[in-house]
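Data block below; observations after.
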Amino acid sequence: MRPLVSIIIPCYNAERWIREALESCLAQTYRPIEIIVVDDGSTDNSLARVPRGERSIRVATGPHRGAGAARNRGFALSSGEYIQFLDADDLLYPQKIERQVQFLEESGADVVYGDWQFQTHRRDGSVQLSEPLRPGARKEVLEGLLGTWWVAQLALLLKRHSVMALGGWDEKLPAAQDRDFFSSVAFTGAVIRYQPGCHSVYRRYGNVTVSTSDPFVYVRGHCSVLDKCHQRLVKDRRLSLPYRKALASGYFGVIRARSIYDHDRLLYRDLIARVRSLDPRFKVRQGPPWFQKTAAWMGMERAEQIYSWRRSVGGFLRRWKLRREMEH
């Protein structure tokens, strides 16, 4: 008898996507599976889109408490030896579960991650599927996660004890939940391995989450995760130079990801101070080559100032061009 795999899907107002997500689970070549949908207080018709009569699908409902709480509830209801977390707007290719279960059983690892693709839905109705993102094998997974390396959570498959060891998802985080989750898994000492192959699709379709529509939510979430990791490394007396450098790169990555210089100069300077305290010799290796060179010659803040000016000019020119096209 093959081990049971639990696929846990938090759902909040995902009527447009949930059916496809579930169909991708039902199309898995691996059996046995159980699919647990936790509806997180949806106000649309998400539940109506869940196929009826499918014995492998279970639905739980409750008030809106956030994705982390929904995932934890789904895990508590699950029975599988292997755990797959999947958001309601994402997809799995048919052999995802089978290939990763086989890899875990043959390698003895606790967690496996693979490649994935972004599927971008544009306002004009067009859809673009990216080339696979290949995170590659890493000897030190935690070091990568402290920096700018990332793996989409749908690309993971975990043994049940790996989730139990970390106590579940942090329900208080407004953003960066997947970064926190994978970092927490790495802190437990779980054996984490990479298996090449693209078996997941991560959808993107505009500012539909709090973290994508509000830069400060994104920054607070990611900084909270980095702060938590920093404090744990200090407590465990593990804050080595490689981890310090990785944390510095991680904080700088947060700055760059949401152009914080444009929104809050005091916050920008506070984060730069954290970067410098962790790595006094920090060198900018993110952004276009001219930005990196300018930061090395003139300092990080001056480089950001120039970058901000270029963005403003570029935005003005694009709007001007659009008005000219509309007039003609």
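Letters A, B, ... mark the chains of the structure tokens in the order given; residue numbers begin at 1 per chain; ligand numbers begin at 1, in order shown.
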Close residues, Ile260 (chain A) itself excluded, 10 Å, only C-alpha atoms, min 6 positions apart in chain, as number ranges by chain = A: 215-216, 219, 254, 266-269, 271, 304
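Within the 9 Å cut-off around Asp87 (chain A), using only C-alpha atoms and omitting residues fewer than 6 positions from it on the same chain, the listed residues are Ile8, Ile9, Pro10, Cys11, Ile18, Ala21, Ala67, Gln153, Leu154 and Tyr202 of chain A.
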Atoms kept (C-alpha atoms) for selection, written as a PDB file, in the first residue's frame:
ATOM      1  CA  ILE A   8      -3.974  21.213   1.519  1.00  0.00           C
ATOM      2  CA  ILE A   9      -5.619  24.166  -0.238  1.00  0.00           C
ATOM      3  CA  PRO A  10      -6.528  27.390   1.593  1.00  0.00           C
ATOM      4  CA  CYS A  11      -9.242  29.224  -0.330  1.00  0.00           C
ATOM      5  CA  ILE A  18     -10.301  26.953  -7.513  1.00  0.00           C
ATOM      6  CA  ALA A  21      -6.529  23.955  -9.006  1.00  0.00           C
ATOM      7  CA  ALA A  67      -3.967  31.755   4.732  1.00  0.00           C
ATOM      8  CA  GLN A 153       5.939  26.785  -1.650  1.00  0.00           C
ATOM      9  CA  LEU A 154       3.913  24.829  -4.226  1.00  0.00           C
ATOM     10  CA  TYR A 202       2.396  29.846  -9.902  1.00  0.00           C
TER      11      TYR A 202
END
Write out as a VMD selection string all residues of region 171-252 of chain A that backbone DSSP assigns to strand (DSSP E or B).
-> chain A and resid 192 to 204
Write the residues of the preceding selection, restricted to N, CA and C atoms, as a PDB file, in the first residue's frame.
ATOM      1  N   ILE A 192      16.919  18.551   3.212  1.00  0.00           N
ATOM      2  CA  ILE A 192      16.212  19.194   2.098  1.00  0.00           C
ATOM      3  C   ILE A 192      17.007  18.970   0.820  1.00  0.00           C
ATOM      4  N   ARG A 193      16.352  18.448  -0.194  1.00  0.00           N
ATOM      5  CA  ARG A 193      17.048  18.139  -1.446  1.00  0.00           C
ATOM      6  C   ARG A 193      16.290  18.717  -2.645  1.00  0.00           C
ATOM      7  N   TYR A 194      17.051  18.972  -3.700  1.00  0.00           N
ATOM      8  CA  TYR A 194      16.500  19.496  -4.953  1.00  0.00           C
ATOM      9  C   TYR A 194      16.357  18.380  -5.969  1.00  0.00           C
ATOM     10  N   GLN A 195      15.203  18.337  -6.642  1.00  0.00           N
ATOM     11  CA  GLN A 195      14.964  17.425  -7.753  1.00  0.00           C
ATOM     12  C   GLN A 195      14.643  18.244  -8.996  1.00  0.00           C
ATOM     13  N   PRO A 196      15.474  18.212 -10.013  1.00  0.00           N
ATOM     14  CA  PRO A 196      15.181  18.978 -11.229  1.00  0.00           C
ATOM     15  C   PRO A 196      13.864  18.528 -11.869  1.00  0.00           C
ATOM     16  N   GLY A 197      13.212  19.461 -12.510  1.00  0.00           N
ATOM     17  CA  GLY A 197      11.956  19.155 -13.185  1.00  0.00           C
ATOM     18  C   GLY A 197      10.872  20.130 -12.795  1.00  0.00           C
ATOM     19  N   CYS A 198      10.133  20.636 -13.780  1.00  0.00           N
ATOM     20  CA  CYS A 198       9.096  21.637 -13.548  1.00  0.00           C
ATOM     21  C   CYS A 198       7.736  20.953 -13.486  1.00  0.00           C
ATOM     22  N   HIS A 199       7.085  21.053 -12.320  1.00  0.00           N
ATOM     23  CA  HIS A 199       5.807  20.373 -12.132  1.00  0.00           C
ATOM     24  C   HIS A 199       4.764  21.260 -11.458  1.00  0.00           C
ATOM     25  N   SER A 200       4.990  22.588 -11.451  1.00  0.00           N
ATOM     26  CA  SER A 200       4.068  23.487 -10.755  1.00  0.00           C
ATOM     27  C   SER A 200       3.918  24.791 -11.526  1.00  0.00           C
ATOM     28  N   VAL A 201       2.743  25.417 -11.392  1.00  0.00           N
ATOM     29  CA  VAL A 201       2.476  26.700 -12.037  1.00  0.00           C
ATOM     30  C   VAL A 201       1.986  27.685 -10.976  1.00  0.00           C
ATOM     31  N   TYR A 202       2.698  28.786 -10.869  1.00  0.00           N
ATOM     32  CA  TYR A 202       2.396  29.846  -9.902  1.00  0.00           C
ATOM     33  C   TYR A 202       1.777  31.004 -10.670  1.00  0.00           C
ATOM     34  N   ARG A 203       0.506  31.307 -10.370  1.00  0.00           N
ATOM     35  CA  ARG A 203      -0.182  32.349 -11.126  1.00  0.00           C
ATOM     36  C   ARG A 203       0.132  33.739 -10.580  1.00  0.00           C
ATOM     37  N   ARG A 204       0.223  34.702 -11.501  1.00  0.00           N
ATOM     38  CA  ARG A 204       0.343  36.122 -11.160  1.00  0.00           C
ATOM     39  C   ARG A 204      -0.723  36.884 -11.934  1.00  0.00           C
TER      40      ARG A 204
END
Please provide as an MDAnalysis selection string all residues within 6 Å of region 54-62 of chain A, with the sequence filter that same-chain residues fewer than 4 positions apart are discarded (counting only C-alpha atoms).
-> chainID A and resid 34:41
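Going from CA of Ala186 (chain A) to CA of Thr120 (chain A) covers 29.7 Å.
The interatomic distance for the pair CA of Phe291 (chain A) and CA of Ser312 (chain A) works out to 15.7 Å.
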Helix (DSSP H, G or I) residues, from DSSP on the backbone, in region 27-162 of chain A, as a PyMOL selection string | chain A and resi 47-49+67-77+96-107+141-146+153-155+160-162
For the residues selected in the previous step, produce a file with N, CA and C atoms as a JSON list (two decimals), in the first residue's frame.
[["chain", "number", "residue", "atom", "x", "y", "z"],
["A", 47, "LEU", "N", -17.03, 28.01, -3.01],
["A", 47, "LEU", "CA", -17.47, 26.67, -2.62],
["A", 47, "LEU", "C", -18.31, 26.01, -3.70],
["A", 48, "ALA", "N", -19.05, 26.81, -4.46],
["A", 48, "ALA", "CA", -19.87, 26.25, -5.54],
["A", 48, "ALA", "C", -19.03, 25.68, -6.67],
["A", 49, "ARG", "N", -17.76, 26.10, -6.73],
["A", 49, "ARG", "CA", -16.87, 25.63, -7.78],
["A", 49, "ARG", "C", -16.15, 24.33, -7.41],
["A", 67, "ALA", "N", -4.43, 33.00, 5.37],
["A", 67, "ALA", "CA", -3.97, 31.75, 4.73],
["A", 67, "ALA", "C", -3.20, 30.86, 5.70],
["A", 68, "GLY", "N", -2.40, 31.47, 6.58],
["A", 68, "GLY", "CA", -1.62, 30.67, 7.51],
["A", 68, "GLY", "C", -2.51, 29.83, 8.41],
["A", 69, "ALA", "N", -3.56, 30.45, 8.94],
["A", 69, "ALA", "CA", -4.50, 29.73, 9.80],
["A", 69, "ALA", "C", -5.22, 28.63, 9.01],
["A", 70, "ALA", "N", -5.59, 28.93, 7.76],
["A", 70, "ALA", "CA", -6.27, 27.93, 6.93],
["A", 70, "ALA", "C", -5.35, 26.74, 6.65],
["A", 71, "ARG", "N", -4.09, 27.00, 6.39],
["A", 71, "ARG", "CA", -3.15, 25.89, 6.16],
["A", 71, "ARG", "C", -2.98, 25.05, 7.41],
["A", 72, "ASN", "N", -2.87, 25.71, 8.55],
["A", 72, "ASN", "CA", -2.73, 24.95, 9.80],
["A", 72, "ASN", "C", -3.96, 24.09, 10.08],
["A", 73, "ARG", "N", -5.13, 24.64, 9.80],
["A", 73, "ARG", "CA", -6.35, 23.85, 10.01],
["A", 73, "ARG", "C", -6.39, 22.66, 9.05],
["A", 74, "GLY", "N", -6.00, 22.92, 7.80],
["A", 74, "GLY", "CA", -5.97, 21.83, 6.83],
["A", 74, "GLY", "C", -5.01, 20.73, 7.24],
["A", 75, "PHE", "N", -3.85, 21.13, 7.76],
["A", 75, "PHE", "CA", -2.87, 20.13, 8.21],
["A", 75, "PHE", "C", -3.43, 19.32, 9.38],
["A", 76, "ALA", "N", -4.11, 20.00, 10.32],
["A", 76, "ALA", "CA", -4.69, 19.30, 11.47],
["A", 76, "ALA", "C", -5.74, 18.28, 11.04],
["A", 77, "LEU", "N", -6.44, 18.55, 9.93],
["A", 77, "LEU", "CA", -7.45, 17.64, 9.43],
["A", 77, "LEU", "C", -6.88, 16.53, 8.56],
["A", 96, "LYS", "N", 3.61, 15.58, -10.66],
["A", 96, "LYS", "CA", 4.30, 16.27, -9.57],
["A", 96, "LYS", "C", 4.42, 15.41, -8.31],
["A", 97, "ILE", "N", 3.30, 14.94, -7.81],
["A", 97, "ILE", "CA", 3.30, 14.17, -6.57],
["A", 97, "ILE", "C", 4.05, 12.86, -6.73],
["A", 98, "GLU", "N", 3.79, 12.15, -7.82],
["A", 98, "GLU", "CA", 4.42, 10.84, -8.01],
["A", 98, "GLU", "C", 5.94, 10.94, -8.06],
["A", 99, "ARG", "N", 6.46, 11.90, -8.81],
["A", 99, "ARG", "CA", 7.91, 12.04, -8.93],
["A", 99, "ARG", "C", 8.54, 12.44, -7.61],
["A", 100, "GLN", "N", 7.88, 13.32, -6.87],
["A", 100, "GLN", "CA", 8.50, 13.79, -5.63],
["A", 100, "GLN", "C", 8.38, 12.76, -4.51],
["A", 101, "VAL", "N", 7.30, 12.01, -4.45],
["A", 101, "VAL", "CA", 7.21, 10.92, -3.47],
["A", 101, "VAL", "C", 8.31, 9.90, -3.73],
["A", 102, "GLN", "N", 8.48, 9.53, -4.99],
["A", 102, "GLN", "CA", 9.52, 8.56, -5.34],
["A", 102, "GLN", "C", 10.90, 9.07, -4.96],
["A", 103, "PHE", "N", 11.14, 10.37, -5.20],
["A", 103, "PHE", "CA", 12.44, 10.96, -4.85],
["A", 103, "PHE", "C", 12.68, 10.90, -3.35],
["A", 104, "LEU", "N", 11.67, 11.26, -2.55],
["A", 104, "LEU", "CA", 11.84, 11.25, -1.10],
["A", 104, "LEU", "C", 12.09, 9.84, -0.58],
["A", 105, "GLU", "N", 11.38, 8.87, -1.13],
["A", 105, "GLU", "CA", 11.55, 7.50, -0.67],
["A", 105, "GLU", "C", 12.92, 6.94, -1.04],
["A", 106, "GLU", "N", 13.39, 7.33, -2.21],
["A", 106, "GLU", "CA", 14.69, 6.80, -2.66],
["A", 106, "GLU", "C", 15.86, 7.53, -2.01],
["A", 107, "SER", "N", 15.72, 8.83, -1.76],
["A", 107, "SER", "CA", 16.83, 9.62, -1.22],
["A", 107, "SER", "C", 16.88, 9.62, 0.30],
["A", 141, "VAL", "N", 20.76, 25.46, 2.53],
["A", 141, "VAL", "CA", 19.44, 26.01, 2.18],
["A", 141, "VAL", "C", 19.11, 27.22, 3.03],
["A", 142, "LEU", "N", 19.37, 27.16, 4.33],
["A", 142, "LEU", "CA", 19.02, 28.27, 5.22],
["A", 142, "LEU", "C", 19.75, 29.54, 4.82],
["A", 143, "GLU", "N", 21.01, 29.44, 4.48],
["A", 143, "GLU", "CA", 21.77, 30.61, 4.04],
["A", 143, "GLU", "C", 21.14, 31.25, 2.82],
["A", 144, "GLY", "N", 20.69, 30.42, 1.88],
["A", 144, "GLY", "CA", 20.04, 30.96, 0.70],
["A", 144, "GLY", "C", 18.74, 31.67, 1.03],
["A", 145, "LEU", "N", 17.94, 31.09, 1.93],
["A", 145, "LEU", "CA", 16.65, 31.68, 2.27],
["A", 145, "LEU", "C", 16.80, 32.98, 3.06],
["A", 146, "LEU", "N", 17.91, 33.14, 3.78],
["A", 146, "LEU", "CA", 18.16, 34.39, 4.49],
["A", 146, "LEU", "C", 18.50, 35.51, 3.51],
["A", 153, "GLN", "N", 6.35, 27.86, -2.55],
["A", 153, "GLN", "CA", 5.94, 26.78, -1.65],
["A", 153, "GLN", "C", 5.25, 25.64, -2.38],
["A", 154, "LEU", "N", 4.58, 25.91, -3.51],
["A", 154, "LEU", "CA", 3.91, 24.83, -4.23],
["A", 154, "LEU", "C", 4.90, 23.85, -4.85],
["A", 155, "ALA", "N", 6.18, 24.25, -4.96],
["A", 155, "ALA", "CA", 7.21, 23.38, -5.54],
["A", 155, "ALA", "C", 7.76, 22.39, -4.52],
["A", 160, "ARG", "N", 5.45, 14.37, 6.66],
["A", 160, "ARG", "CA", 4.57, 14.91, 7.68],
["A", 160, "ARG", "C", 5.33, 15.39, 8.93],
["A", 161, "HIS", "N", 6.32, 14.60, 9.34],
["A", 161, "HIS", "CA", 7.04, 14.96, 10.57],
["A", 161, "HIS", "C", 7.80, 16.28, 10.41],
["A", 162, "SER", "N", 8.13, 16.67, 9.18],
["A", 162, "SER", "CA", 8.84, 17.94, 8.96],
["A", 162, "SER", "C", 7.94, 19.13, 9.27]]
